[in-house]
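Asker: Supplied structure: model06.cif, mmCIF, C-alpha atoms, pLDDT in the B column; chains and numbers go by the auth columns.
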data_input
loop_
_atom_site.group_PDB
_atom_site.id
_atom_site.type_symbol
_atom_site.label_atom_id
_atom_site.label_comp_id
_atom_site.label_asym_id
_atom_site.label_seq_id
_atom_site.Cartn_x
_atom_site.Cartn_y
_atom_site.Cartn_z
_atom_site.B_iso_or_equiv
_atom_site.auth_seq_id
_atom_site.auth_asym_id
ATOM 1 C CA MET A 1 0.000 0.000 0.000 49.00 1 A
ATOM 2 C CA ASP A 2 1.249 3.480 -0.913 58.00 2 A
ATOM 3 C CA ILE A 3 1.116 5.933 1.983 64.00 3 A
ATOM 4 C CA VAL A 4 0.749 9.415 0.538 69.00 4 A
ATOM 5 C CA PRO A 5 1.118 12.456 2.810 75.00 5 A
ATOM 6 C CA GLU A 6 -2.210 14.237 3.201 83.00 6 A
ATOM 7 C CA ILE A 7 -0.680 17.542 2.125 84.00 7 A
ATOM 8 C CA THR A 8 0.384 15.937 -1.187 85.00 8 A
ATOM 9 C CA ARG A 9 -3.037 14.368 -1.668 86.00 9 A
ATOM 10 C CA GLN A 10 -4.797 17.676 -1.063 90.00 10 A
ATOM 11 C CA SER A 11 -2.391 19.607 -3.284 92.00 11 A
ATOM 12 C CA ILE A 12 -2.982 17.286 -6.253 94.00 12 A
ATOM 13 C CA ALA A 13 -6.748 17.196 -5.680 93.00 13 A
ATOM 14 C CA ASN A 14 -7.005 20.982 -5.476 94.00 14 A
ATOM 15 C CA LEU A 15 -5.109 21.369 -8.743 94.00 15 A
ATOM 16 C CA ILE A 16 -7.326 18.820 -10.492 95.00 16 A
ATOM 17 C CA LYS A 17 -10.478 20.560 -9.227 94.00 17 A
ATOM 18 C CA ASN A 18 -9.240 23.662 -11.054 94.00 18 A
ATOM 19 C CA ASP A 19 -8.366 21.693 -14.225 95.00 19 A
ATOM 20 C CA LYS A 20 -4.645 21.975 -13.517 94.00 20 A
ATOM 21 C CA ARG A 21 -1.819 19.505 -12.908 95.00 21 A
ATOM 22 C CA GLU A 22 1.560 19.624 -11.171 92.00 22 A
ATOM 23 C CA ASP A 23 3.460 19.388 -14.474 94.00 23 A
ATOM 24 C CA GLY A 24 1.343 22.030 -16.229 94.00 24 A
ATOM 25 C CA ARG A 25 -0.562 19.664 -18.530 96.00 25 A
ATOM 26 C CA ASP A 26 -4.269 19.720 -19.273 96.00 26 A
ATOM 27 C CA LEU A 27 -6.370 16.900 -17.823 97.00 27 A
ATOM 28 C CA THR A 28 -6.535 15.257 -21.287 97.00 28 A
ATOM 29 C CA GLU A 29 -2.915 15.825 -22.324 97.00 29 A
ATOM 30 C CA TYR A 30 -0.169 13.212 -22.611 97.00 30 A
ATOM 31 C CA ARG A 31 3.430 13.661 -21.593 97.00 31 A
ATOM 32 C CA ASP A 32 6.114 13.631 -24.301 97.00 32 A
ATOM 33 C CA ILE A 33 6.546 10.238 -25.986 97.00 33 A
ATOM 34 C CA THR A 34 9.807 8.848 -27.418 97.00 34 A
ATOM 35 C CA ILE A 35 10.006 5.462 -29.164 97.00 35 A
ATOM 36 C CA GLU A 36 13.137 3.592 -30.270 97.00 36 A
ATOM 37 C CA THR A 37 13.148 0.191 -31.969 96.00 37 A
ATOM 38 C CA ASP A 38 15.794 -2.543 -32.347 95.00 38 A
ATOM 39 C CA VAL A 39 17.342 -1.692 -28.983 96.00 39 A
ATOM 40 C CA ILE A 40 18.131 -5.338 -28.067 95.00 40 A
ATOM 41 C CA SER A 41 20.468 -7.044 -30.531 92.00 41 A
ATOM 42 C CA LYS A 42 19.659 -10.584 -29.350 92.00 42 A
ATOM 43 C CA ALA A 43 15.873 -10.171 -29.767 94.00 43 A
ATOM 44 C CA GLU A 44 14.010 -10.583 -33.054 94.00 44 A
ATOM 45 C CA GLY A 45 12.052 -7.434 -32.219 95.00 45 A
ATOM 46 C CA SER A 46 12.456 -4.831 -29.488 97.00 46 A
ATOM 47 C CA ALA A 47 11.566 -1.295 -28.469 97.00 47 A
ATOM 48 C CA ARG A 48 12.147 1.265 -25.746 98.00 48 A
ATOM 49 C CA VAL A 49 9.417 3.756 -24.888 98.00 49 A
ATOM 50 C CA LYS A 50 9.740 6.853 -22.751 98.00 50 A
ATOM 51 C CA LEU A 51 6.470 8.414 -21.627 98.00 51 A
ATOM 52 C CA GLY A 52 7.570 11.469 -19.734 97.00 52 A
ATOM 53 C CA LYS A 53 10.107 9.942 -17.336 97.00 53 A
ATOM 54 C CA THR A 54 8.459 6.521 -17.376 98.00 54 A
ATOM 55 C CA GLN A 55 10.634 4.085 -19.296 98.00 55 A
ATOM 56 C CA VAL A 56 9.948 0.517 -20.458 98.00 56 A
ATOM 57 C CA ILE A 57 11.743 -1.939 -22.746 98.00 57 A
ATOM 58 C CA VAL A 58 10.073 -4.782 -24.656 98.00 58 A
ATOM 59 C CA GLY A 59 11.735 -7.745 -26.319 97.00 59 A
ATOM 60 C CA ILE A 60 10.132 -10.305 -28.659 97.00 60 A
ATOM 61 C CA LYS A 61 11.595 -13.822 -28.635 96.00 61 A
ATOM 62 C CA PRO A 62 10.081 -16.413 -31.004 95.00 62 A
ATOM 63 C CA GLN A 63 10.470 -20.156 -30.891 95.00 63 A
ATOM 64 C CA ILE A 64 8.814 -23.087 -32.624 96.00 64 A
ATOM 65 C CA GLY A 65 6.463 -25.259 -30.589 95.00 65 A
ATOM 66 C CA ALA A 66 3.202 -27.152 -30.601 95.00 66 A
ATOM 67 C CA PRO A 67 -0.067 -25.168 -30.901 95.00 67 A
ATOM 68 C CA PHE A 68 -2.861 -25.341 -28.361 95.00 68 A
ATOM 69 C CA PRO A 69 -5.201 -28.292 -29.062 94.00 69 A
ATOM 70 C CA ASP A 70 -8.240 -26.040 -29.612 95.00 70 A
ATOM 71 C CA THR A 71 -6.379 -23.767 -32.084 95.00 71 A
ATOM 72 C CA PRO A 72 -4.178 -26.166 -34.108 96.00 72 A
ATOM 73 C CA ASP A 73 -3.677 -23.694 -36.961 95.00 73 A
ATOM 74 C CA LEU A 74 -2.810 -20.577 -34.929 96.00 74 A
ATOM 75 C CA GLY A 75 0.462 -19.259 -33.553 95.00 75 A
ATOM 76 C CA VAL A 76 0.876 -18.718 -29.819 96.00 76 A
ATOM 77 C CA LEU A 77 1.345 -15.410 -27.996 95.00 77 A
ATOM 78 C CA MET A 78 2.540 -15.152 -24.382 96.00 78 A
ATOM 79 C CA THR A 79 3.116 -11.887 -22.506 97.00 79 A
ATOM 80 C CA ASN A 80 5.187 -11.548 -19.332 96.00 80 A
ATOM 81 C CA CYS A 81 6.171 -8.533 -17.265 96.00 81 A
ATOM 82 C CA GLU A 82 9.140 -7.951 -14.981 93.00 82 A
ATOM 83 C CA MET A 83 9.044 -5.000 -12.622 94.00 83 A
ATOM 84 C CA LEU A 84 12.684 -4.373 -11.767 88.00 84 A
ATOM 85 C CA PRO A 85 13.305 -3.162 -8.192 91.00 85 A
ATOM 86 C CA MET A 86 15.562 -0.399 -9.533 91.00 86 A
ATOM 87 C CA ALA A 87 12.522 1.068 -11.324 94.00 87 A
ATOM 88 C CA ASP A 88 10.527 1.731 -8.155 91.00 88 A
ATOM 89 C CA PRO A 89 11.226 1.199 -4.434 89.00 89 A
ATOM 90 C CA SER A 90 7.860 -0.576 -4.123 89.00 90 A
ATOM 91 C CA PHE A 91 8.864 -3.265 -6.645 91.00 91 A
ATOM 92 C CA GLU A 92 10.260 -6.377 -5.005 88.00 92 A
ATOM 93 C CA PRO A 93 12.331 -9.240 -6.449 87.00 93 A
ATOM 94 C CA GLY A 94 10.782 -12.683 -6.643 85.00 94 A
ATOM 95 C CA PRO A 95 7.598 -14.088 -8.198 87.00 95 A
ATOM 96 C CA PRO A 96 5.420 -11.729 -10.290 88.00 96 A
ATOM 97 C CA SER A 97 3.276 -9.418 -8.171 92.00 97 A
ATOM 98 C CA GLU A 98 -0.445 -8.826 -8.718 93.00 98 A
ATOM 99 C CA ASP A 99 0.386 -5.500 -10.380 93.00 99 A
ATOM 100 C CA SER A 100 2.851 -7.195 -12.727 95.00 100 A
ATOM 101 C CA ILE A 101 0.330 -9.877 -13.695 96.00 101 A
ATOM 102 C CA GLU A 102 -2.419 -7.312 -14.280 96.00 102 A
ATOM 103 C CA LEU A 103 -0.143 -5.157 -16.440 97.00 103 A
ATOM 104 C CA ALA A 104 0.833 -8.135 -18.616 97.00 104 A
ATOM 105 C CA ARG A 105 -2.785 -9.261 -18.949 96.00 105 A
ATOM 106 C CA VAL A 106 -4.121 -5.832 -19.913 96.00 106 A
ATOM 107 C CA VAL A 107 -1.431 -5.416 -22.576 96.00 107 A
ATOM 108 C CA ASP A 108 -1.956 -8.983 -23.822 96.00 108 A
ATOM 109 C CA ARG A 109 -5.737 -8.506 -24.028 95.00 109 A
ATOM 110 C CA GLY A 110 -5.314 -5.433 -26.210 95.00 110 A
ATOM 111 C CA ILE A 111 -3.102 -7.351 -28.645 94.00 111 A
ATOM 112 C CA ARG A 112 -5.493 -10.304 -28.853 93.00 112 A
ATOM 113 C CA GLU A 113 -8.824 -8.499 -28.984 94.00 113 A
ATOM 114 C CA SER A 114 -7.633 -6.031 -31.623 93.00 114 A
ATOM 115 C CA GLN A 115 -6.454 -9.021 -33.706 91.00 115 A
ATOM 116 C CA LEU A 116 -3.197 -7.153 -34.008 92.00 116 A
ATOM 117 C CA ILE A 117 -1.239 -10.189 -35.229 93.00 117 A
ATOM 118 C CA ASP A 118 -2.321 -12.567 -37.993 91.00 118 A
ATOM 119 C CA LEU A 119 -1.813 -15.682 -35.869 93.00 119 A
ATOM 120 C CA ASP A 120 -2.909 -18.063 -38.639 93.00 120 A
ATOM 121 C CA LYS A 121 0.100 -16.935 -40.681 93.00 121 A
ATOM 122 C CA LEU A 122 2.361 -18.143 -37.869 95.00 122 A
ATOM 123 C CA CYS A 123 1.297 -21.746 -38.458 95.00 123 A
ATOM 124 C CA ILE A 124 4.085 -23.846 -39.994 95.00 124 A
ATOM 125 C CA GLU A 125 2.439 -27.283 -39.865 94.00 125 A
ATOM 126 C CA GLU A 126 -1.139 -27.489 -38.600 94.00 126 A
ATOM 127 C CA GLY A 127 -1.447 -29.312 -35.327 94.00 127 A
ATOM 128 C CA LYS A 128 2.305 -29.823 -35.032 94.00 128 A
ATOM 129 C CA ASN A 129 4.477 -26.724 -35.375 95.00 129 A
ATOM 130 C CA VAL A 130 3.700 -23.022 -35.002 96.00 130 A
ATOM 131 C CA TRP A 131 5.615 -19.894 -34.093 96.00 131 A
ATOM 132 C CA MET A 132 5.345 -19.029 -30.402 97.00 132 A
ATOM 133 C CA LEU A 133 5.955 -15.361 -29.598 97.00 133 A
ATOM 134 C CA PHE A 134 7.185 -14.485 -26.115 97.00 134 A
ATOM 135 C CA VAL A 135 6.619 -10.811 -25.321 97.00 135 A
ATOM 136 C CA ASP A 136 8.781 -9.719 -22.378 97.00 136 A
ATOM 137 C CA LEU A 137 8.018 -6.384 -20.704 97.00 137 A
ATOM 138 C CA HIS A 138 10.721 -4.828 -18.536 97.00 138 A
ATOM 139 C CA ILE A 139 9.953 -1.775 -16.412 97.00 139 A
ATOM 140 C CA ILE A 140 13.080 0.389 -16.226 96.00 140 A
ATOM 141 C CA ASP A 141 11.740 3.543 -14.557 97.00 141 A
ATOM 142 C CA ASN A 142 8.248 3.873 -13.107 97.00 142 A
ATOM 143 C CA CYS A 143 7.015 7.454 -13.148 97.00 143 A
ATOM 144 C CA GLY A 144 3.385 6.575 -13.774 96.00 144 A
ATOM 145 C CA ASN A 145 1.129 5.079 -16.460 98.00 145 A
ATOM 146 C CA LEU A 146 3.005 1.870 -17.215 98.00 146 A
ATOM 147 C CA PHE A 147 -0.023 0.520 -19.101 98.00 147 A
ATOM 148 C CA ASP A 148 0.094 2.968 -22.014 98.00 148 A
ATOM 149 C CA ALA A 149 3.893 2.952 -22.200 98.00 149 A
ATOM 150 C CA CYS A 150 3.972 -0.858 -22.351 97.00 150 A
ATOM 151 C CA GLU A 151 1.252 -1.095 -25.014 96.00 151 A
ATOM 152 C CA LEU A 152 3.115 1.366 -27.239 97.00 152 A
ATOM 153 C CA ALA A 153 6.387 -0.494 -26.665 97.00 153 A
ATOM 154 C CA VAL A 154 4.808 -3.835 -27.561 96.00 154 A
ATOM 155 C CA MET A 155 3.287 -2.346 -30.707 95.00 155 A
ATOM 156 C CA ALA A 156 6.640 -0.895 -31.781 96.00 156 A
ATOM 157 C CA ALA A 157 8.511 -4.113 -30.966 97.00 157 A
ATOM 158 C CA LEU A 158 6.055 -6.312 -32.866 96.00 158 A
ATOM 159 C CA LYS A 159 6.207 -4.040 -35.908 94.00 159 A
ATOM 160 C CA SER A 160 9.999 -4.376 -35.931 94.00 160 A
ATOM 161 C CA THR A 161 9.997 -8.178 -35.539 96.00 161 A
ATOM 162 C CA LYS A 162 11.376 -10.387 -38.304 93.00 162 A
ATOM 163 C CA LEU A 163 11.145 -14.185 -38.334 94.00 163 A
ATOM 164 C CA PRO A 164 13.217 -16.664 -40.357 93.00 164 A
ATOM 165 C CA VAL A 165 11.373 -18.487 -43.128 93.00 165 A
ATOM 166 C CA ALA A 166 10.517 -22.024 -41.995 92.00 166 A
ATOM 167 C CA SER A 167 10.022 -25.124 -44.154 89.00 167 A
ATOM 168 C CA ILE A 168 9.329 -28.800 -43.488 89.00 168 A
ATOM 169 C CA VAL A 169 11.967 -31.254 -44.704 90.00 169 A
ATOM 170 C CA ASP A 170 11.590 -34.950 -43.806 86.00 170 A
ATOM 171 C CA ASP A 171 9.133 -34.060 -41.023 85.00 171 A
ATOM 172 C CA GLU A 172 11.635 -31.634 -39.538 89.00 172 A
ATOM 173 C CA VAL A 173 11.334 -27.838 -39.309 92.00 173 A
ATOM 174 C CA ILE A 174 14.219 -26.131 -41.084 92.00 174 A
ATOM 175 C CA LEU A 175 14.826 -22.400 -40.551 92.00 175 A
ATOM 176 C CA SER A 176 16.415 -20.351 -43.297 90.00 176 A
ATOM 177 C CA GLU A 177 19.639 -18.575 -42.426 86.00 177 A
ATOM 178 C CA ASP A 178 19.128 -15.954 -45.131 89.00 178 A
ATOM 179 C CA GLU A 179 15.398 -15.377 -45.642 93.00 179 A
ATOM 180 C CA THR A 180 13.203 -13.581 -43.116 92.00 180 A
ATOM 181 C CA PHE A 181 9.687 -12.164 -43.153 92.00 181 A
ATOM 182 C CA ASP A 182 8.010 -9.366 -41.242 93.00 182 A
ATOM 183 C CA LEU A 183 5.630 -10.353 -38.489 93.00 183 A
ATOM 184 C CA PRO A 184 2.124 -10.187 -40.049 92.00 184 A
ATOM 185 C CA ILE A 185 0.518 -7.123 -38.444 93.00 185 A
ATOM 186 C CA ASN A 186 -3.201 -6.526 -39.051 90.00 186 A
ATOM 187 C CA ASN A 187 -3.862 -3.448 -37.002 90.00 187 A
ATOM 188 C CA GLU A 188 -2.513 -0.770 -34.696 92.00 188 A
ATOM 189 C CA LEU A 189 -3.832 0.142 -31.291 93.00 189 A
ATOM 190 C CA ALA A 190 -3.187 2.315 -28.294 93.00 190 A
ATOM 191 C CA LEU A 191 -4.147 2.066 -24.650 96.00 191 A
ATOM 192 C CA CYS A 192 -5.453 5.157 -22.874 98.00 192 A
ATOM 193 C CA THR A 193 -5.322 5.121 -19.085 98.00 193 A
ATOM 194 C CA PHE A 194 -7.433 7.421 -16.928 98.00 194 A
ATOM 195 C CA VAL A 195 -7.570 7.887 -13.158 98.00 195 A
ATOM 196 C CA LYS A 196 -10.251 9.527 -11.053 98.00 196 A
ATOM 197 C CA ILE A 197 -9.127 12.339 -8.758 96.00 197 A
ATOM 198 C CA ALA A 198 -11.452 14.844 -7.101 93.00 198 A
ATOM 199 C CA ASP A 199 -14.390 13.541 -9.184 94.00 199 A
ATOM 200 C CA LYS A 200 -12.558 14.218 -12.449 96.00 200 A
ATOM 201 C CA MET A 201 -11.036 11.787 -14.953 98.00 201 A
ATOM 202 C CA VAL A 202 -7.374 12.456 -15.786 98.00 202 A
ATOM 203 C CA ILE A 203 -5.451 10.864 -18.654 98.00 203 A
ATOM 204 C CA ASP A 204 -1.830 9.629 -18.519 98.00 204 A
ATOM 205 C CA PRO A 205 -1.392 9.901 -14.738 98.00 205 A
ATOM 206 C CA THR A 206 1.979 10.503 -13.128 97.00 206 A
ATOM 207 C CA LEU A 207 3.057 8.242 -10.274 96.00 207 A
ATOM 208 C CA ASP A 208 1.852 10.729 -7.632 94.00 208 A
ATOM 209 C CA GLU A 209 -1.508 11.047 -9.400 96.00 209 A
ATOM 210 C CA GLU A 210 -1.865 7.255 -9.502 96.00 210 A
ATOM 211 C CA ARG A 211 -1.184 7.028 -5.779 93.00 211 A
ATOM 212 C CA VAL A 212 -3.950 9.455 -4.834 94.00 212 A
ATOM 213 C CA ALA A 213 -6.489 8.236 -7.409 95.00 213 A
ATOM 214 C CA SER A 214 -9.677 6.512 -6.286 95.00 214 A
ATOM 215 C CA ALA A 215 -10.271 4.605 -9.539 97.00 215 A
ATOM 216 C CA ARG A 216 -8.597 3.712 -12.833 98.00 216 A
ATOM 217 C CA LEU A 217 -9.879 2.889 -16.310 98.00 217 A
ATOM 218 C CA ASN A 218 -7.835 1.479 -19.217 98.00 218 A
ATOM 219 C CA VAL A 219 -9.398 1.810 -22.671 98.00 219 A
ATOM 220 C CA GLY A 220 -7.845 -0.003 -25.645 97.00 220 A
ATOM 221 C CA VAL A 221 -8.667 1.533 -29.035 96.00 221 A
ATOM 222 C CA THR A 222 -7.669 0.454 -32.553 95.00 222 A
ATOM 223 C CA LYS A 223 -6.445 3.032 -35.047 92.00 223 A
ATOM 224 C CA ASP A 224 -9.865 3.035 -36.756 90.00 224 A
ATOM 225 C CA GLY A 225 -11.597 3.954 -33.503 92.00 225 A
ATOM 226 C CA HIS A 226 -12.950 0.609 -32.308 94.00 226 A
ATOM 227 C CA ILE A 227 -12.872 -0.231 -28.592 96.00 227 A
ATOM 228 C CA CYS A 228 -11.046 -3.549 -28.202 94.00 228 A
ATOM 229 C CA SER A 229 -10.459 -3.785 -24.441 95.00 229 A
ATOM 230 C CA MET A 230 -11.263 -2.172 -21.106 96.00 230 A
ATOM 231 C CA GLN A 231 -10.052 -2.727 -17.546 96.00 231 A
ATOM 232 C CA LYS A 232 -11.310 -1.140 -14.333 96.00 232 A
ATOM 233 C CA GLY A 233 -9.047 -0.699 -11.311 95.00 233 A
ATOM 234 C CA GLY A 234 -9.254 1.004 -7.938 92.00 234 A
ATOM 235 C CA GLU A 235 -11.850 0.822 -5.185 90.00 235 A
ATOM 236 C CA GLU A 236 -14.320 3.538 -6.207 94.00 236 A
ATOM 237 C CA PRO A 237 -16.960 2.756 -8.873 95.00 237 A
ATOM 238 C CA LEU A 238 -17.244 4.750 -12.071 97.00 238 A
ATOM 239 C CA SER A 239 -20.500 6.115 -13.441 97.00 239 A
ATOM 240 C CA LYS A 240 -21.757 5.477 -16.968 97.00 240 A
ATOM 241 C CA ASP A 241 -21.092 9.125 -17.848 97.00 241 A
ATOM 242 C CA GLU A 242 -17.494 8.886 -16.594 97.00 242 A
ATOM 243 C CA ILE A 243 -16.877 5.749 -18.649 97.00 243 A
ATOM 244 C CA PHE A 244 -18.390 7.277 -21.808 97.00 244 A
ATOM 245 C CA TYR A 245 -16.303 10.399 -21.249 97.00 245 A
ATOM 246 C CA CYS A 246 -13.105 8.324 -21.103 97.00 246 A
ATOM 247 C CA VAL A 247 -14.087 6.282 -24.151 97.00 247 A
ATOM 248 C CA ASN A 248 -14.717 9.411 -26.238 96.00 248 A
ATOM 249 C CA ILE A 249 -11.409 10.960 -25.173 97.00 249 A
ATOM 250 C CA ALA A 250 -9.564 7.697 -25.942 97.00 250 A
ATOM 251 C CA ILE A 251 -11.058 7.482 -29.440 96.00 251 A
ATOM 252 C CA GLY A 252 -9.883 11.028 -30.077 95.00 252 A
ATOM 253 C CA LYS A 253 -6.377 10.281 -28.747 95.00 253 A
ATOM 254 C CA VAL A 254 -5.612 7.033 -30.580 93.00 254 A
ATOM 255 C CA LYS A 255 -4.436 8.696 -33.801 91.00 255 A
ATOM 256 C CA GLU A 256 -2.080 10.963 -31.851 92.00 256 A
ATOM 257 C CA LEU A 257 -0.603 7.982 -30.001 94.00 257 A
ATOM 258 C CA VAL A 258 -0.293 5.673 -33.015 90.00 258 A
ATOM 259 C CA GLU A 259 1.494 8.394 -34.990 89.00 259 A
ATOM 260 C CA ASN A 260 4.436 7.979 -32.591 87.00 260 A
ATOM 261 C CA LEU A 261 4.950 4.501 -34.039 82.00 261 A
#
Could you write out this file's structure as structure tokens?
Answerer:
Amino acid sequence: MDIVPEITRQSIANLIKNDKREDGRDLTEYRDITIETDVISKAEGSARVKLGKTQVIVGIKPQIGAPFPDTPDLGVLMTNCEMLPMADPSFEPGPPSEDSIELARVVDRGIRESQLIDLDKLCIEEGKNVWMLFVDLHIIDNCGNLFDACELAVMAALKSTKLPVASIVDDEVILSEDETFDLPINNELALCTFVKIADKMVIDPTLDEERVASARLNVGVTKDGHICSMQKGGEEPLSKDEIFYCVNIAIGKVKELVENL
């Protein structure tokens, strides 16, 4: 549990009540975004995203394996998140925390529900061999809003991923040493995260804003404006009007966010 001094809580709440923020942004304004790709030489796809001072790195590692029995002709996607203790004093070494699991699941859901990747094109031999993509999220510096930073980083990393051409020879999978192909990308999406402070919804919260917020809403939107995922966090409920407000803002923001890719 984060213990926030009451003077800090009141200061942030009073600013929000007057449509102001500590860093001078509007309530619906993002911090500066920087995206770099191919930052990990040993990964087939990678990206670093800086959202304000928040910093995350994503690596994509593929391997060949058996598909799930109920989807014998589809590739496999698995998303994991590591919250490094150096990124935040509250992060602890050891098994994944609840926050780490939730972050990975929210990002993973956006990828799946937007049908971002053409998984059927990752099938090498139906029922036997498919490409398995391991998406590894690493939190380097937590200054708030890890959700949106991670979704952008995953998008950038997937778009930069190249896989070797695979063929079947004598019932064995042979990978080409010379030929590669781009990961089949169907769509683009962005995640917009809002928190509720002083009865107002605020986008792209800083770490201090997250710690004083009473509720959180993540809205995943594809580049053509379709809602593909949502996640509610925090103890306080959100009204229908608050949810619709966030959805409308997110739809308006997706183009701005995707342009950074």
Asker: Determine, for each residue of range 135-229 of chain A having at least one atom at most 8 Å from an atom of range 58-76 of chain A, the closest pair of atoms and their separation in Å to one decimal, counting only C-alpha atoms; order by chain and ascending number, as CSV.
Answerer:
residue,atom,partner,partner_atom,distance
A:Val135,CA,A:Ile60,CA,4.9
A:Asp136,CA,A:Gly59,CA,5.3
A:Leu137,CA,A:Val58,CA,4.7
A:His138,CA,A:Val58,CA,6.2
A:Cys150,CA,A:Val58,CA,7.6
A:Ala153,CA,A:Val58,CA,6.0
A:Val154,CA,A:Val58,CA,6.1
A:Ala157,CA,A:Val58,CA,6.5
A:Leu158,CA,A:Ile60,CA,7.1
A:Thr161,CA,A:Ile60,CA,7.2
A:Leu163,CA,A:Pro62,CA,7.7
Asker: Rank nothing, just name the residue among A:Ile197, A:Ile168, A:Met83, A:Leu261 nearest to Leu238 in chain A, using all atoms listed in the file.
Answerer: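 Of A:Ile197, A:Ile168, A:Met83, A:Leu261, the one nearest Leu238 in chain A, counting all atoms listed in the file, is A:Ile197.
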Asker: Could you tell me which of A:Lys162, A:Arg216, A:Lys121, A:Lys42 comes closest to Lys200 in chain A if we count all atoms listed in the file?
Answerer: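 With all atoms listed in the file as the atom set, the closest residue is A:Arg216.
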Asker: From (-12.3, 6.0, -12.1), in the file's coordinates, out to 9 Å: which residues are reached, counting all atoms listed in the file? Answer as a count of residues only.
Answerer: 23
Asker: List, as a list in words, every residue that the PyMOL selection byres ((chain A and resi 87) around 6) selects in the file provided.
Answerer: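 Expected selection for the PyMOL selection byres ((chain A and resi 87) around 6) here is Leu84, Pro85, Met86, Asp88, Ile140, Asp141 and Asn142 of chain A.
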Asker: Next, dump the selected residues to file, keeping only C-alpha atoms, as a PDB file, in the frame of the given file.
Answerer:
ATOM      1  CA  LEU A  84      12.684  -4.373 -11.767  1.00 88.00           C
ATOM      2  CA  PRO A  85      13.305  -3.162  -8.192  1.00 91.00           C
ATOM      3  CA  MET A  86      15.562  -0.399  -9.533  1.00 91.00           C
ATOM      4  CA  ASP A  88      10.527   1.731  -8.155  1.00 91.00           C
ATOM      5  CA  ILE A 140      13.080   0.389 -16.226  1.00 96.00           C
ATOM      6  CA  ASP A 141      11.740   3.543 -14.557  1.00 97.00           C
ATOM      7  CA  ASN A 142       8.248   3.873 -13.107  1.00 97.00           C
TER       8      ASN A 142
END
